[in-house]
>>> print(open('protein-v1.csv').read())   # CSV, C-alpha atoms
chain,number,residue,atom,x,y,z
O,1,MET,CA,203.3,201.3,204.2
O,2,PHE,CA,199.9,202.9,204.4
O,3,HIS,CA,197.3,203.4,207.2
O,4,THR,CA,193.6,202.6,207.0
O,5,PRO,CA,191.4,203.9,209.8
O,6,ILE,CA,189.3,201.2,211.5
O,7,SER,CA,187.8,203.2,214.4
O,8,ASP,CA,188.5,206.3,216.4
O,9,ASP,CA,191.4,204.6,218.1
O,10,LEU,CA,192.2,201.6,216.0
O,11,PHE,CA,194.3,201.6,212.8
O,12,CYS,CA,195.3,198.8,210.5
O,13,ILE,CA,198.7,198.9,209.0
O,14,LEU,CA,199.4,196.8,205.9
O,15,ILE,CA,203.0,196.0,205.6
O,16,ASN,CA,204.3,194.6,202.3
O,17,THR,CA,207.7,192.9,202.5
O,18,ASN,CA,209.5,191.9,199.3
O,19,ALA,CA,211.2,188.6,199.9
O,20,THR,CA,213.4,186.5,197.6
O,21,LYS,CA,210.7,184.0,197.0
O,22,GLY,CA,207.6,186.1,196.5
O,23,VAL,CA,205.8,188.8,198.5
O,24,VAL,CA,204.9,188.4,202.1
O,25,SER,CA,201.9,190.5,203.4
O,26,GLU,CA,201.4,191.0,207.1
O,27,ARG,CA,198.4,192.7,208.7
O,28,VAL,CA,199.2,194.3,212.0
O,29,GLU,CA,196.7,196.1,214.1
O,30,ILE,CA,198.0,198.7,216.5
O,31,LEU,CA,196.0,200.6,219.1
O,32,LEU,CA,196.8,204.3,218.8
O,33,GLN,CA,195.7,207.0,221.2
O,34,PRO,CA,194.4,210.4,219.8
O,35,GLN,CA,196.6,213.4,220.5
O,36,MET,CA,196.2,215.4,223.7
O,37,LEU,CA,194.5,218.7,223.0
O,38,PHE,CA,195.5,221.7,225.2
O,39,LYS,CA,195.2,224.9,223.1
O,40,ILE,CA,194.5,228.6,223.3
O,41,GLU,CA,192.1,229.8,220.6
O,42,LEU,CA,191.7,233.6,219.8
O,43,ASN,CA,189.1,235.4,217.7
O,44,GLN,CA,191.9,237.7,216.5
O,45,ASP,CA,195.7,237.7,217.1
O,46,THR,CA,196.8,240.9,215.3
O,47,PHE,CA,195.6,244.3,216.3
O,48,ASN,CA,196.2,247.6,214.4
O,49,SER,CA,196.0,251.2,215.3
O,50,SER,CA,197.6,254.5,214.4
O,51,TYR,CA,199.8,256.8,216.6
O,52,GLU,CA,197.0,259.4,216.5
O,53,ASP,CA,194.2,257.4,218.0
O,54,GLN,CA,196.2,255.1,220.4
O,55,GLU,CA,195.0,256.9,223.5
O,56,ASP,CA,191.3,256.4,222.6
O,57,ARG,CA,191.5,252.8,221.4
O,58,VAL,CA,191.1,249.6,223.4
O,59,PHE,CA,192.0,246.2,221.9
O,60,GLN,CA,189.4,243.6,222.8
O,61,VAL,CA,191.0,240.2,223.0
O,62,VAL,CA,188.5,237.4,223.1
O,63,GLY,CA,189.3,233.7,223.2
O,64,ARG,CA,189.1,230.4,225.0
O,65,LEU,CA,191.3,227.8,226.5
O,66,ILE,CA,190.3,224.2,225.5
O,67,PHE,CA,191.4,221.0,227.2
O,68,LEU,CA,190.7,217.5,225.8
O,69,PRO,CA,192.4,214.7,227.8
O,70,THR,CA,193.2,211.4,226.1
O,71,PHE,CA,192.9,209.5,229.3
O,72,SER,CA,191.4,210.3,232.7
O,73,MET,CA,193.8,212.4,234.8
O,74,LYS,CA,193.9,214.5,237.9
O,75,ILE,CA,194.7,218.2,237.6
O,76,THR,CA,195.3,220.5,240.6
O,77,ARG,CA,195.2,223.8,238.8
O,78,ILE,CA,194.5,225.4,235.3
O,79,LYS,CA,195.9,228.9,234.8
O,80,LEU,CA,196.3,231.4,232.0
O,81,GLU,CA,198.7,234.3,231.9
O,82,PHE,CA,199.1,237.2,229.5
O,83,THR,CA,202.3,239.2,229.5
O,84,GLY,CA,203.9,242.1,227.6
O,85,GLU,CA,207.6,242.1,227.9
O,86,LEU,CA,210.6,244.1,226.7
O,87,CYS,CA,214.0,242.3,226.2
O,88,ILE,CA,217.1,244.2,225.2
O,89,ARG,CA,220.5,242.5,224.6
O,90,GLN,CA,223.4,244.6,225.8
O,91,GLU,CA,226.8,243.0,225.2
O,92,LEU,CA,226.7,239.8,227.2
O,93,ASN,CA,223.7,240.9,229.3
O,94,ARG,CA,220.0,240.9,228.8
O,95,VAL,CA,217.7,243.5,230.3
O,96,ARG,CA,214.1,242.5,230.7
O,97,LYS,CA,211.1,244.7,231.6
O,98,LEU,CA,207.6,243.4,232.2
O,99,PHE,CA,205.2,246.2,231.5
O,100,TYR,CA,201.8,244.4,231.2
O,101,GLN,CA,200.5,241.3,233.0
O,102,HIS,CA,197.1,239.7,233.6
O,103,HIS,CA,196.2,236.2,234.8
O,104,TRP,CA,193.2,233.9,235.2
O,105,ILE,CA,192.7,230.8,237.4
O,106,PHE,CA,190.1,228.6,235.8
O,107,HIS,CA,190.5,225.7,238.2
O,108,GLY,CA,192.3,225.2,241.5
O,109,GLN,CA,191.4,228.2,243.7
O,110,ALA,CA,189.0,226.2,245.9
O,111,GLU,CA,188.1,223.0,244.1
O,112,GLY,CA,191.3,221.2,244.8
O,113,THR,CA,192.4,218.2,242.8
O,114,GLN,CA,189.9,217.2,240.2
O,115,THR,CA,189.6,214.2,237.8
O,116,PHE,CA,189.3,215.2,234.1
O,117,GLU,CA,187.5,212.6,232.1
O,118,LYS,CA,188.9,211.0,228.9
O,119,GLY,CA,187.5,212.4,225.7
O,120,ARG,CA,185.5,215.2,227.4
O,121,LEU,CA,186.1,218.7,226.0
O,122,TYR,CA,186.7,221.4,228.7
O,123,SER,CA,186.4,225.0,227.5
O,124,TYR,CA,187.3,228.2,229.5
O,125,PRO,CA,186.4,231.4,227.7
O,126,PHE,CA,188.2,234.7,228.5
O,127,HIS,CA,188.0,238.3,227.6
O,128,LEU,CA,190.8,240.9,228.0
O,129,PRO,CA,190.6,244.6,227.1
O,130,ILE,CA,194.1,245.9,226.4
O,131,PRO,CA,194.9,249.7,226.4
O,132,GLY,CA,195.6,251.0,223.0
O,133,ASP,CA,198.6,253.0,224.1
O,134,ILE,CA,200.7,250.0,225.0
O,135,PRO,CA,204.0,249.6,223.0
O,136,GLU,CA,203.7,248.0,219.6
O,137,SER,CA,205.3,244.7,218.9
O,138,VAL,CA,209.0,245.0,218.0
O,139,ASP,CA,211.6,242.5,216.7
O,140,VAL,CA,215.0,244.1,215.8
O,141,ASP,CA,218.6,242.9,216.1
O,142,ASN,CA,219.1,243.6,219.8
O,143,ALA,CA,215.6,244.1,221.2
O,144,ARG,CA,212.1,242.6,221.3
O,145,ILE,CA,208.7,243.6,222.6
O,146,HIS,CA,206.6,240.5,222.8
O,147,TYR,CA,203.0,239.7,223.8
O,148,GLN,CA,202.1,236.2,224.7
O,149,PHE,CA,199.4,234.0,226.4
O,150,ARG,CA,200.7,231.1,228.4
O,151,ALA,CA,198.5,228.4,229.8
O,152,THR,CA,199.4,225.6,232.3
O,153,ALA,CA,197.5,222.6,233.5
O,154,GLU,CA,199.3,221.5,236.7
O,155,ALA,CA,199.3,217.8,237.6
O,156,PRO,CA,199.9,216.4,241.1
O,157,LEU,CA,203.4,215.9,242.3
O,158,TYR,CA,205.8,213.8,240.2
O,159,LEU,CA,203.5,214.0,237.1
O,160,PRO,CA,204.3,216.3,234.1
O,161,ASN,CA,202.4,219.5,233.6
O,162,PHE,CA,200.7,220.4,230.3
O,163,LYS,CA,201.7,223.8,228.7
O,164,THR,CA,200.7,225.8,225.7
O,165,SER,CA,201.2,229.4,224.4
O,166,ARG,CA,199.9,231.8,221.8
O,167,ASP,CA,201.3,235.1,220.6
O,168,ILE,CA,199.5,238.3,219.7
O,169,VAL,CA,200.9,241.2,217.6
O,170,ILE,CA,200.3,244.9,218.1
O,171,ARG,CA,200.9,247.0,215.0
O,172,ARG,CA,200.9,250.8,214.8
O,173,HIS,CA,201.1,253.0,211.8
O,174,MET,CA,201.6,256.7,211.0
O,175,GLY,CA,198.3,258.4,210.3
O,176,PRO,CA,197.8,260.9,207.5
O,177,THR,CA,198.4,263.9,209.7
O,178,LEU,CA,201.9,262.7,210.8
O,179,SER,CA,203.0,261.5,207.4
O,180,LEU,CA,202.1,264.8,205.8
O,181,GLN,CA,204.7,266.5,208.0
O,182,PHE,CA,207.5,264.7,206.1
O,183,ASN,CA,209.2,266.5,203.3
O,184,THR,CA,209.1,264.8,199.9
O,185,LYS,CA,210.6,267.5,197.6
O,186,SER,CA,213.9,269.4,197.5
O,187,GLN,CA,214.8,272.3,195.2
O,188,GLY,CA,217.9,274.5,195.0
O,189,ILE,CA,220.7,276.0,192.9
O,190,TRP,CA,224.3,274.7,192.9
O,191,GLN,CA,227.2,277.1,192.5
O,192,ASP,CA,225.0,279.5,190.4
O,193,ALA,CA,225.5,276.9,187.6
O,194,LEU,CA,222.7,274.5,187.8
O,195,SER,CA,219.2,274.3,189.5
O,196,TYR,CA,217.8,271.0,190.7
O,197,ASP,CA,214.4,269.6,191.7
O,198,ILE,CA,214.4,266.2,193.4
O,199,SER,CA,211.2,264.5,194.7
O,200,ILE,CA,209.6,261.2,195.8
O,201,PRO,CA,205.8,260.7,195.5
O,202,THR,CA,205.2,259.8,199.2
O,203,SER,CA,206.9,259.1,202.5
O,204,ASP,CA,205.2,255.7,203.1
O,205,TYR,CA,206.6,252.5,201.7
O,206,SER,CA,206.3,248.8,202.4
O,207,VAL,CA,209.0,246.2,202.5
O,208,GLY,CA,209.7,244.8,199.0
O,209,SER,CA,208.4,247.9,197.3
O,210,LYS,CA,210.3,250.5,195.2
O,211,ILE,CA,211.0,254.1,195.9
O,212,PRO,CA,210.8,256.2,192.7
O,213,ILE,CA,213.2,259.2,192.8
O,214,ARG,CA,212.5,261.9,190.2
O,215,PHE,CA,214.9,264.6,189.3
O,216,LYS,CA,214.8,267.6,187.0
O,217,LEU,CA,217.8,269.8,186.2
O,218,GLU,CA,218.2,273.2,184.5
O,219,LYS,CA,221.6,274.3,183.4
O,220,LEU,CA,222.4,277.9,184.2
O,221,THR,CA,225.6,277.6,182.3
O,222,GLN,CA,226.6,275.2,179.5
O,223,GLN,CA,229.7,274.0,181.4
O,224,ALA,CA,227.6,272.3,184.1
O,225,ASN,CA,226.6,268.7,183.7
O,226,ILE,CA,225.4,265.9,185.9
O,227,ASN,CA,227.8,263.0,186.5
O,228,PHE,CA,225.9,260.5,188.6
O,229,ILE,CA,223.1,260.1,191.1
O,230,GLY,CA,223.6,257.9,194.2
O,231,PHE,CA,220.8,256.9,196.5
O,232,SER,CA,220.9,255.0,199.7
O,233,LEU,CA,218.4,253.8,202.4
O,234,ARG,CA,219.6,254.1,205.9
O,235,GLU,CA,218.2,252.6,209.1
O,236,ARG,CA,218.7,254.1,212.6
O,237,THR,CA,217.8,252.1,215.7
O,238,MET,CA,217.7,253.8,219.1
O,239,TYR,CA,217.8,251.7,222.3
O,240,ARG,CA,216.8,253.2,225.7
O,241,ILE,CA,217.9,250.5,228.1
O,242,PRO,CA,216.3,250.7,231.5
O,243,ASN,CA,218.7,250.8,234.5
O,244,SER,CA,217.8,248.9,237.7
O,245,SER,CA,218.7,252.0,239.7
O,246,GLY,CA,216.2,254.5,238.4
O,247,ASP,CA,213.0,255.2,236.6
O,248,GLY,CA,212.1,257.3,233.6
O,249,GLN,CA,214.6,258.9,231.2
O,250,ALA,CA,217.1,259.5,234.1
O,251,GLY,CA,217.2,255.7,234.6
O,252,THR,CA,218.1,254.7,231.0
O,253,THR,CA,221.2,254.1,229.0
O,254,VAL,CA,220.9,255.3,225.4
O,255,SER,CA,222.5,253.3,222.6
O,256,GLU,CA,222.3,253.9,218.9
O,257,HIS,CA,222.9,251.7,215.9
O,258,ARG,CA,223.0,252.9,212.2
O,259,ARG,CA,223.5,250.9,209.1
O,260,TRP,CA,223.1,251.3,205.3
O,261,VAL,CA,220.4,249.0,204.1
O,262,LYS,CA,220.7,249.5,200.4
O,263,THR,CA,223.0,251.6,198.1
O,264,GLU,CA,222.8,252.1,194.4
O,265,VAL,CA,224.2,254.5,191.8
O,266,SER,CA,223.3,255.5,188.2
O,267,PHE,CA,225.6,257.3,185.7
O,268,PHE,CA,224.3,259.7,183.0
O,269,ASN,CA,225.4,261.2,179.8
O,270,GLN,CA,226.1,264.9,179.6
O,271,VAL,CA,222.8,265.8,177.9
O,272,THR,CA,220.6,264.3,180.7
O,273,THR,CA,218.4,267.0,182.3
O,274,GLN,CA,215.5,264.9,183.9
O,275,GLY,CA,214.7,261.3,184.7
O,276,MET,CA,213.8,258.8,187.4
O,277,VAL,CA,215.7,256.1,189.3
O,278,GLU,CA,214.3,253.5,191.7
O,279,LEU,CA,215.6,252.0,194.9
O,280,ASN,CA,214.3,248.5,195.8
O,281,ILE,CA,213.5,248.1,199.5
O,282,PRO,CA,214.5,244.6,200.7
O,283,LYS,CA,211.8,242.1,201.8
O,284,SER,CA,213.8,240.0,204.3
O,285,PRO,CA,213.4,241.0,208.0
O,286,LYS,CA,217.1,240.2,208.3
O,287,LYS,CA,218.0,243.0,206.0
O,288,ILE,CA,215.5,245.7,207.1
O,289,HIS,CA,213.2,246.4,210.1
O,290,TYR,CA,209.8,248.2,210.3
O,291,ASP,CA,209.5,251.7,211.6
O,292,CYS,CA,208.4,251.9,215.2
O,293,ILE,CA,208.3,254.5,218.0
O,294,THR,CA,208.2,253.1,221.6
O,295,GLU,CA,209.6,254.3,224.9
O,296,ASN,CA,212.6,251.9,224.7
O,297,VAL,CA,213.1,251.2,221.0
O,298,GLU,CA,212.8,253.4,218.0
O,299,VAL,CA,213.4,252.4,214.3
O,300,LYS,CA,213.5,255.1,211.7
O,301,HIS,CA,214.6,255.3,208.0
O,302,THR,CA,216.0,258.0,205.8
O,303,LEU,CA,216.6,258.1,202.0
O,304,HIS,CA,219.9,259.8,201.1
O,305,ILE,CA,220.3,261.2,197.6
O,306,ARG,CA,223.5,262.5,196.2
O,307,LEU,CA,223.7,264.4,192.9
O,308,ASP,CA,227.3,264.6,191.6
O,309,PHE,CA,228.1,267.4,189.1
O,310,LYS,CA,230.9,268.5,186.8
O,311,TYR,CA,231.5,272.2,186.2
O,312,GLY,CA,234.4,272.6,183.8
O,313,ARG,CA,237.3,271.0,185.7
O,314,ARG,CA,235.6,271.3,189.0
O,315,THR,CA,233.3,268.7,190.6
O,316,GLY,CA,230.7,269.1,193.3
O,317,ASN,CA,227.6,267.4,194.8
O,318,VAL,CA,224.3,268.1,196.4
O,319,LEU,CA,223.1,265.9,199.3
O,320,VAL,CA,219.4,265.5,200.0
O,321,VAL,CA,217.8,263.5,202.8
O,322,PHE,CA,214.1,262.5,203.0
O,323,PRO,CA,212.7,260.8,206.1
O,324,ILE,CA,210.5,257.8,205.0
O,325,ILE,CA,208.4,255.2,206.8
O,326,VAL,CA,208.9,251.5,206.1
O,327,LYS,CA,206.1,249.2,207.1
O,328,GLN,CA,204.9,245.7,206.5
O,329,ALA,CA,203.1,245.0,203.2
O,330,LEU,CA,200.1,243.7,205.1
O,331,MET,CA,199.8,247.0,207.0
O,332,ASN,CA,199.7,249.0,203.7
O,333,GLN,CA,196.9,246.8,202.4
O,334,LEU,CA,194.9,247.4,205.6
O,335,LEU,CA,195.4,251.1,205.3
O,336,ILE,CA,194.2,251.1,201.7
O,337,THR,CA,191.2,249.0,202.5
O,338,ASP,CA,190.3,251.3,205.4
O,339,ALA,CA,190.6,254.4,203.2
O,340,ILE,CA,188.4,252.9,200.4
O,341,THR,CA,185.8,251.9,203.0
O,342,GLU,CA,185.6,255.4,204.3
O,343,MET,CA,185.3,256.9,200.8
O,344,LEU,CA,182.5,254.5,199.6
O,345,PRO,CA,179.0,256.0,199.9
O,346,CYS,CA,176.0,254.1,201.3
O,347,TYR,CA,173.8,252.7,198.6
O,348,ASP,CA,170.1,252.2,198.6
O,349,PRO,CA,169.4,248.5,197.8
O,350,SER,CA,166.6,249.5,195.5
O,351,ASP,CA,168.8,251.8,193.5
O,352,LEU,CA,170.7,249.1,191.7
O,353,PRO,CA,172.2,249.2,188.1
O,354,PRO,CA,170.5,247.2,185.4
O,355,LEU,CA,171.6,243.7,184.5
O,356,TYR,CA,174.0,243.4,181.7
O,357,GLY,CA,174.6,240.6,179.2
O,358,THR,CA,177.8,238.7,179.1
O,359,PRO,CA,180.5,241.0,177.8
O,360,THR,CA,182.4,240.1,174.8
O,361,LEU,CA,221.5,262.2,206.1
O,362,HIS,CA,221.9,262.0,208.7
O,363,GLY,CA,223.2,265.7,208.6
O,364,GLY,CA,226.8,266.1,207.8
O,365,GLU,CA,227.4,262.5,206.8
O,366,SER,CA,228.0,261.2,203.3
O,367,PRO,CA,226.6,257.9,202.0
O,368,PRO,CA,229.2,255.1,201.4
O,369,SER,CA,231.0,254.5,198.1
O,370,TYR,CA,228.6,253.5,195.3
O,371,GLU,CA,228.9,250.7,192.9
O,372,PRO,CA,228.0,251.4,189.2
O,373,ARG,CA,224.6,250.3,188.1
O,374,SER,CA,223.0,250.8,184.7
O,375,THR,CA,219.6,252.4,184.7
O,376,SER,CA,217.3,253.6,182.0
O,377,ILE,CA,216.9,257.4,182.1
O,378,GLU,CA,214.7,259.8,180.4
O,379,SER,CA,216.4,262.6,178.5
>>> encode(input="protein-v1.csv", output="structure tokens")
Amino acid sequence: MFHTPISDDLFCILINTNATKGVVSERVEILLQPQMLFKIELNQDTFNSSYEDQEDRVFQVVGRLIFLPTFSMKITRIKLEFTGELCIRQELNRVRKLFYQHHWIFHGQAEGTQTFEKGRLYSYPFHLPIPGDIPESVDVDNARIHYQFRATAEAPLYLPNFKTSRDIVIRRHMGPTLSLQFNTKSQGIWQDALSYDISIPTSDYSVGSKIPIRFKLEKLTQQANINFIGFSLRERTMYRIPNSSGDGQAGTTVSEHRRWVKTEVSFFNQVTTQGMVELNIPKSPKKIHYDCITENVEVKHTLHIRLDFKYGRRTGNVLVVFPIIVKQALMNQLLITDAITEMLPCYDPSDLPPLYGTPTLHGGESPPSYEPRSTSIES
């Protein structure tokens, strides 16, 4: 079966039916109505800022609501609403908090019922400045902060209404000032027998990337040797659930959830004194969430490293914890692009190069049990 357009509304369908005594062709013409168009269009649906400039920034949301009827109809009111809402699941209950709301009435305040003509495009532009300090979008296991436009064209009684919606996303990242406060290096001496130096290159990582962990050891006695290095990524989610009886911190219930996202281990031979291992950050949002800091939901990550030593017949270990930031891959690309843009100088169009030819612990807690994993190590 295939469709051949005849006009805007008319299509011809050619049906070939295989029969026992030959092929029977039937030509059937069916009148089809174009699809109803009721849609929210936005110039931009994702907005980015840092925690450092959120108070000075304003997100300018510009768009329009369009309505294209497929037949003449009567509409009593056309309205558009924007909401920012927090939803937290607590056992069998759900706690909702509406912290931002704005609405428009494009038709229906004084006009009354109006007939909208078939095939005519109706367009309603809108502009909404949103404060830059509103909470960022969050989607974790038991909570969500969600921003959405919802439009409704209300028909007279006993007739169905027309509805449509469109989401926007608010993303926030750590600026250079805040990220520099995180420690990325740890040094010390274990039992006067061995000195260690453990480091990671940065505290910022995106989902799906790798965290390189470098270590360097110096034996203060020949009897001390490294046994294995274990490394784990831990996620901590803090929920501050609003109570209906109060406002502010006094009116919240605090709940905390922790989980190990990834755990790996590498064993070494006795002569190893330096090397590098890598921890792979998962890509799936079901396995890991992005860092965020809001009034009601916080997500943070820590990298836990355990060096296990042998000293004669004795064994011991050193635990190191680095706070890290896990963000979306797209966010890292935006940050790199912004940084390059700021670094590039302004060029004079007349000063162009010549043309060339074609070139030829959490404190006190230990990570879970590790499973062996073979890793290439420098000696």
>>> atom_distance(input="protein-v1.csv", atom1="CA of Thr273 (chain O)", atom2="CA of Glu218 (chain O)")
6.6 Å
>>> closest_residue(input="protein-v1.csv", among="O:Thr113, O:Ile324, O:Ile78, O:Phe67", to="Pro156 (chain O)", atoms="all atoms listed in the file")
O:Thr113
>>> atom_distance(input="protein-v1.csv", atom1="CA of Glu235 (chain O)", atom2="CA of Gln148 (chain O)")
27.8 Å
>>> closest_residue(input="protein-v1.csv", among="O:Gln60, O:Ser203, O:Asn142, O:Thr184", to="Asn296 (chain O)", atoms="all atoms listed in the file")
O:Asn142
>>> residues_near_point(input="protein-v1.csv", point="(215.0, 253.6, 194.4)", cutoff="9 Å", atoms="all atoms listed in the file", output="VMD selection string")
chain O and resid 210 to 213 231 to 233 264 276 to 281 303
>>> write_last_selection(input="protein-v1.csv", atoms="C-alpha atoms", output="compact mmCIF listing (two decimals), in the frame of the given file")
# COMPACT_ATOMS: atom_id res chain seq x y z
CA LYS O 210 210.30 250.50 195.20
CA ILE O 211 211.00 254.10 195.90
CA PRO O 212 210.80 256.20 192.70
CA ILE O 213 213.20 259.20 192.80
CA PHE O 231 220.80 256.90 196.50
CA SER O 232 220.90 255.00 199.70
CA LEU O 233 218.40 253.80 202.40
CA GLU O 264 222.80 252.10 194.40
CA MET O 276 213.80 258.80 187.40
CA VAL O 277 215.70 256.10 189.30
CA GLU O 278 214.30 253.50 191.70
CA LEU O 279 215.60 252.00 194.90
CA ASN O 280 214.30 248.50 195.80
CA ILE O 281 213.50 248.10 199.50
CA LEU O 303 216.60 258.10 202.00
>>> residues_around(input="protein-v1.csv", residues="Gly119 (chain O)", least_positions_apart="6", cutoff="7 Å", atoms="only C-alpha atoms", output="PyMOL selection string")
chain O and resi 68-70
>>> closest_residue(input="protein-v1.csv", among="O:Arg313, O:Val169, O:Phe322, O:Leu157", to="Pro201 (chain O)", atoms="only C-alpha atoms")
O:Phe322
>>> decode(input="protein-v1.csv", residues="region 250-258 of chain O", atoms="all heavy atoms", output="PDB file, in the first residue's frame")
ATOM      1  N   ALA O 250      12.892  24.982  59.891  1.00  0.00           N
ATOM      2  CA  ALA O 250      12.152  24.381  61.000  1.00  0.00           C
ATOM      3  C   ALA O 250      10.965  23.575  60.500  1.00  0.00           C
ATOM      4  O   ALA O 250      10.455  22.713  61.200  1.00  0.00           O
ATOM      5  CB  ALA O 250      11.683  25.466  61.966  1.00  0.00           C
ATOM      6  N   GLY O 251      10.511  23.862  59.283  1.00  0.00           N
ATOM      7  CA  GLY O 251       9.350  23.169  58.753  1.00  0.00           C
ATOM      8  C   GLY O 251       9.708  22.118  57.730  1.00  0.00           C
ATOM      9  O   GLY O 251       8.969  21.915  56.783  1.00  0.00           O
ATOM     10  N   THR O 252      10.846  21.448  57.887  1.00  0.00           N
ATOM     11  CA  THR O 252      11.270  20.420  56.942  1.00  0.00           C
ATOM     12  C   THR O 252      11.690  19.154  57.673  1.00  0.00           C
ATOM     13  O   THR O 252      12.113  19.189  58.833  1.00  0.00           O
ATOM     14  CB  THR O 252      12.455  20.904  56.082  1.00  0.00           C
ATOM     15  OG1 THR O 252      13.556  21.210  56.943  1.00  0.00           O
ATOM     16  CG2 THR O 252      12.071  22.137  55.281  1.00  0.00           C
ATOM     17  N   THR O 253      11.569  18.040  56.970  1.00  0.00           N
ATOM     18  CA  THR O 253      12.072  16.757  57.441  1.00  0.00           C
ATOM     19  C   THR O 253      13.241  16.361  56.550  1.00  0.00           C
ATOM     20  O   THR O 253      13.114  16.337  55.323  1.00  0.00           O
ATOM     21  CB  THR O 253      10.977  15.680  57.378  1.00  0.00           C
ATOM     22  OG1 THR O 253       9.876  16.083  58.192  1.00  0.00           O
ATOM     23  CG2 THR O 253      11.516  14.347  57.866  1.00  0.00           C
ATOM     24  N   VAL O 254      14.380  16.050  57.157  1.00  0.00           N
ATOM     25  CA  VAL O 254      15.589  15.745  56.402  1.00  0.00           C
ATOM     26  C   VAL O 254      15.723  14.239  56.226  1.00  0.00           C
ATOM     27  O   VAL O 254      15.604  13.470  57.182  1.00  0.00           O
ATOM     28  CB  VAL O 254      16.843  16.315  57.097  1.00  0.00           C
ATOM     29  CG1 VAL O 254      18.102  15.952  56.316  1.00  0.00           C
ATOM     30  CG2 VAL O 254      16.729  17.829  57.243  1.00  0.00           C
ATOM     31  N   SER O 255      15.954  13.829  55.005  1.00  0.00           N
ATOM     32  CA  SER O 255      16.170  12.424  54.685  1.00  0.00           C
ATOM     33  C   SER O 255      17.398  12.324  53.791  1.00  0.00           C
ATOM     34  O   SER O 255      17.592  13.154  52.905  1.00  0.00           O
ATOM     35  CB  SER O 255      14.945  11.834  53.979  1.00  0.00           C
ATOM     36  OG  SER O 255      15.184  10.502  53.566  1.00  0.00           O
ATOM     37  N   GLU O 256      18.219  11.303  54.022  1.00  0.00           N
ATOM     38  CA  GLU O 256      19.456  11.163  53.275  1.00  0.00           C
ATOM     39  C   GLU O 256      19.572   9.760  52.699  1.00  0.00           C
ATOM     40  O   GLU O 256      19.242   8.767  53.360  1.00  0.00           O
ATOM     41  CB  GLU O 256      20.660  11.466  54.163  1.00  0.00           C
ATOM     42  CG  GLU O 256      21.993  11.467  53.432  1.00  0.00           C
ATOM     43  CD  GLU O 256      23.140  11.948  54.313  1.00  0.00           C
ATOM     44  OE1 GLU O 256      22.918  12.854  55.141  1.00  0.00           O
ATOM     45  OE2 GLU O 256      24.249  11.402  54.173  1.00  0.00           O
ATOM     46  N   HIS O 257      20.040   9.706  51.458  1.00  0.00           N
ATOM     47  CA  HIS O 257      20.231   8.422  50.793  1.00  0.00           C
ATOM     48  C   HIS O 257      21.636   8.373  50.222  1.00  0.00           C
ATOM     49  O   HIS O 257      22.082   9.300  49.549  1.00  0.00           O
ATOM     50  CB  HIS O 257      19.200   8.245  49.666  1.00  0.00           C
ATOM     51  CG  HIS O 257      19.422   7.015  48.833  1.00  0.00           C
ATOM     52  ND1 HIS O 257      19.217   5.740  49.328  1.00  0.00           N
ATOM     53  CD2 HIS O 257      19.845   6.857  47.558  1.00  0.00           C
ATOM     54  CE1 HIS O 257      19.496   4.858  48.386  1.00  0.00           C
ATOM     55  NE2 HIS O 257      19.881   5.504  47.298  1.00  0.00           N
ATOM     56  N   ARG O 258      22.358   7.275  50.478  1.00  0.00           N
ATOM     57  CA  ARG O 258      23.720   7.094  49.966  1.00  0.00           C
ATOM     58  C   ARG O 258      23.812   5.764  49.234  1.00  0.00           C
ATOM     59  O   ARG O 258      23.167   4.789  49.612  1.00  0.00           O
ATOM     60  CB  ARG O 258      24.737   7.121  51.111  1.00  0.00           C
ATOM     61  CG  ARG O 258      24.693   8.387  51.941  1.00  0.00           C
ATOM     62  CD  ARG O 258      25.782   8.388  52.977  1.00  0.00           C
ATOM     63  NE  ARG O 258      25.734   9.563  53.845  1.00  0.00           N
ATOM     64  CZ  ARG O 258      26.677   9.903  54.697  1.00  0.00           C
ATOM     65  NH1 ARG O 258      27.758   9.144  54.817  1.00  0.00           N
ATOM     66  NH2 ARG O 258      26.558  10.976  55.451  1.00  0.00           N
TER      67      ARG O 258
END
